[in-house]
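Notes for the one structure printed next.
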Amino acid sequence: MTTFLLLTILLFPTLFILSTLISLLRNYLTARTLHLPIIVLPISPENPLWMLTSPYILPFFRALPFSNGHFTRFCYTGWEFVEKSRAHLEFGDAFVLATPGRNWIYTCDAGVIREVIRRERGGEFARPLEMLSVLETFGANIATVNGADWQRMRKCTAASFNEQNNLLVWTESLRQGNQMLQYWLSAGAEGVKTMAYDTRTLTLDILAHAGFGKSFDFQSRRDRMKSGALSYRDALALILENAILILALGPPVLKKLAWVPGLGILSEAVDKFKRCMTDIFDETTEKTRGQRTQGNFLTSLVRGAVEDKLLTPEEVIGNIFIFSFAGHDTTSHTFEFSFMLLAMHPKVQDWMAEELNYVVKGDRVQEPGYDVFPKLVRVMAVMLETLRLYDPLISVVKGTEGRAAKLKFGEQDIMVPPKTRVIFNINALHSHPQYWGDDALEWKPSRWIQTATGDGPVHDRESITIPTTGLFVPWSEGMRGCPGKKFSQVEYVAVMVILFREYCVAPVKRQGEDDIAAKARAQSALKDTGMRLLLQMLHPEKCPLKWERRV
Ligand code: HEM
């Protein structure tokens, strides 16, 4: 009896290990047909259980006195940020990660990236949907579907990304930026430890206004805590921070496990967010009944469901979630990285302030109009340079589905087998010395500026250098490129106008620290960056920033 029990217990892990080894061998043999360098990984980095446990397991392997090959170097999400172009300089512009799940072709070749994007429209390459199930907790949405379903959803939302909406983004960003600045100034010499929380509040408020027609005043974490109840914003933040755990368990199991410390609050957050989205949907259905005027994302989605019958109510809710997530978290992390970098580079702040003084002039009575947006090229350069080295999305993933597709890597024609991932390694592409020069790893916004010859003031002659197509793709490109690209740019520039036209930022010095030591602490906060749902600084609070009037 004991032997039988023991055998039964051992059977499942044995079968699991065997099937993993068989899948790995099968994928390795397929990878060999590609004639690209191969790196074999025993675990698929996208396995949710591995994603949750690897941060605890990998340090143990790293501490071992003997080498473990490529395992600790490539077998976790976010290695691309650490490696930058190093892996490609070692293995070439394309290489394969062979895993028990799928084969992943990593490339930083701008030509290949252009080609894959171009052929996405014909269906040869597509977004691998199984990777995005984490974003489907609340329903299918524009980011998690392909083909006809995607066209249907795109049709319902594309029109709301227009200049009228960008104007709303501009004015609301000025308003929210002002309120956040006042709060940060009130922290005085002690500085702000809640930057990550505050920038999320800021970007979510801007999105709520421009996207969903809801107006909030900026609220600090302290004020929010006083109110006690879990707000819609807190619920979303909790969901995003714990998305992988929520996906791994699924909302129904999460509810059953609500008694486990830490899981109760997550289950509450999922319920709260669902309730809020259903309320927003019902409210908007009522408001838009019979109206055909142009509106925001929300009114477009609701109209798409109720009047045009293009979407189901679940799809509307799924899309409210994806716009809430994609529309604020990306921009929020871009702000955080920018503030930390600017705090370390006072000269870049001066350079940006010169332009702000020239373009926005000294007028404090009226806020700057949206017409100044295209003139603030140095501010835009700070955004682009930050995204070049600190892209919150880390990589863009495409892949073949049922059919193989031929692709040219350098001089080599390669048949990419079905169900193979093709990953644009943005971190490598954006930091490759071949494209960006020997100072590729240096954060240097001025690299984005070109100055026309002539006599007028320099600020009237400066413009943004546009890189060759496929070389700089933080918003991706082509039909699945980011629809919120301009939204995020307008938002970014408006907030920077408010923060930097009269003020500057610096790391708070600890007792006994000089400028160099404080800068080193900011540098280590930046280095302590890793993947949650997106790439983000893991502990920005370790280097509080102080805001003061520019002298
Ligand atoms: C700095 C800010 C942003 C960055 C870097 C960014 C980047 C991206 C990228 C790279 C993609 C394509 C992802 C892929 O193919 O896997 C994407 C898609 C998307 N983004 Fe953004 N984004 C930003 C801001 C925004 C904003 C402000 C919104 C909405 C207001 C938005 C909404 C979306 C949506 C809905 C998609 C999915 C589109 C589709 O699948 O057709 N994003 N974004």
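Just so we're on the same page: first chain in the structure tokens is A, next is B, and so on; residues restart at 1 for each chain, and ligands are numbered from 1 in the order they show up.
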- For Pro100 of chain A, work out the shell of residues within 12 Å, counting only C-alpha atoms and skipping chain neighbours fewer than 3 positions away, then give it as an MDAnalysis selection string. chainID A and resid 16:31 40:47 75 97 103:104
- Throw together the list of residues within 6 Å of ligand 1, counting only C-alpha atoms and all ligand atoms, and drop it here as a VMD selection string. chain A and resid 142 to 143 323 326 to 328 330 to 331 334 396 to 397 474 to 476 480 to 485 487 to 488
- Message: Which residues are close to segment 501-505 of chain A, i.e. within 7 Å by only C-alpha atoms, leaving aside same-chain residues fewer than 4 positions away? Reply as a PyMOL selection string.
- Response: chain A and resi 343+353+356-357+497+545-550
Could the residues in this selection be saved with N, CA and C atoms as a PDB file, in the first residue's frame?
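File produced: part-v9.pdb:
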ATOM      1  N   ALA A 343      17.050  64.394 -12.078  1.00  0.00           N
ATOM      2  CA  ALA A 343      17.636  64.749 -10.774  1.00  0.00           C
ATOM      3  C   ALA A 343      19.142  64.487 -10.783  1.00  0.00           C
ATOM      4  N   ALA A 353      15.151  73.949 -19.454  1.00  0.00           N
ATOM      5  CA  ALA A 353      14.549  75.190 -18.938  1.00  0.00           C
ATOM      6  C   ALA A 353      14.786  76.369 -19.888  1.00  0.00           C
ATOM      7  N   LEU A 356      12.079  76.140 -22.281  1.00  0.00           N
ATOM      8  CA  LEU A 356      10.791  76.470 -21.659  1.00  0.00           C
ATOM      9  C   LEU A 356      10.671  77.975 -21.483  1.00  0.00           C
ATOM     10  N   ASN A 357      11.769  78.623 -21.056  1.00  0.00           N
ATOM     11  CA  ASN A 357      11.736  80.079 -20.877  1.00  0.00           C
ATOM     12  C   ASN A 357      11.471  80.782 -22.190  1.00  0.00           C
ATOM     13  N   VAL A 497       6.135  70.918 -18.631  1.00  0.00           N
ATOM     14  CA  VAL A 497       6.064  72.392 -18.664  1.00  0.00           C
ATOM     15  C   VAL A 497       5.780  72.890 -17.248  1.00  0.00           C
ATOM     16  N   LEU A 545      13.120  62.591  -3.882  1.00  0.00           N
ATOM     17  CA  LEU A 545      13.522  63.746  -4.696  1.00  0.00           C
ATOM     18  C   LEU A 545      12.899  65.007  -4.110  1.00  0.00           C
ATOM     19  N   LYS A 546      13.673  66.107  -4.141  1.00  0.00           N
ATOM     20  CA  LYS A 546      13.080  67.360  -3.645  1.00  0.00           C
ATOM     21  C   LYS A 546      12.937  68.350  -4.800  1.00  0.00           C
ATOM     22  N   TRP A 547      11.844  69.099  -4.733  1.00  0.00           N
ATOM     23  CA  TRP A 547      11.528  70.080  -5.780  1.00  0.00           C
ATOM     24  C   TRP A 547      11.701  71.465  -5.201  1.00  0.00           C
ATOM     25  N   GLU A 548      12.444  72.311  -5.885  1.00  0.00           N
ATOM     26  CA  GLU A 548      12.613  73.683  -5.395  1.00  0.00           C
ATOM     27  C   GLU A 548      12.668  74.673  -6.546  1.00  0.00           C
ATOM     28  N   ARG A 549      12.461  75.952  -6.182  1.00  0.00           N
ATOM     29  CA  ARG A 549      12.450  76.992  -7.210  1.00  0.00           C
ATOM     30  C   ARG A 549      13.827  77.107  -7.858  1.00  0.00           C
ATOM     31  N   ARG A 550      13.831  77.226  -9.163  1.00  0.00           N
ATOM     32  CA  ARG A 550      15.088  77.390  -9.902  1.00  0.00           C
ATOM     33  C   ARG A 550      15.666  78.756  -9.589  1.00  0.00           C
TER      34      ARG A 550
END
- Between atom CA of Thr529 of chain A and atom CA of Gly264 of chain A, distance in Å (one decimal):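 Atom CA of Gly264 of chain A lies at a distance of 28.0 Å from atom CA of Thr529 of chain A.
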- Please identify all polymer residues within 9 Å of Met415 of chain A, counting only C-alpha atoms, omitting same-chain residues fewer than 2 positions from it, and present them as a PyMOL selection string. chain A and resi 33-34+404-408+413+417
Write a file of the just-selected residues containing C-alpha atoms, as a JSON list (two decimals), in the first residue's frame.
[["chain", "number", "residue", "atom", "x", "y", "z"],
["A", 33, "THR", "CA", 16.75, 24.19, -38.61],
["A", 34, "LEU", "CA", 16.98, 28.00, -38.25],
["A", 404, "ALA", "CA", 5.75, 29.02, -41.51],
["A", 405, "ALA", "CA", 7.04, 32.34, -42.91],
["A", 406, "LYS", "CA", 10.24, 33.16, -44.73],
["A", 407, "LEU", "CA", 12.32, 35.97, -43.22],
["A", 408, "LYS", "CA", 15.68, 37.43, -44.22],
["A", 413, "ASP", "CA", 16.86, 33.46, -45.69],
["A", 417, "PRO", "CA", 8.44, 27.53, -38.32]]
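When atom CA of Gly139 of chain A is paired with atom CA of Val116 of chain A, their separation reads 27.9 Å.
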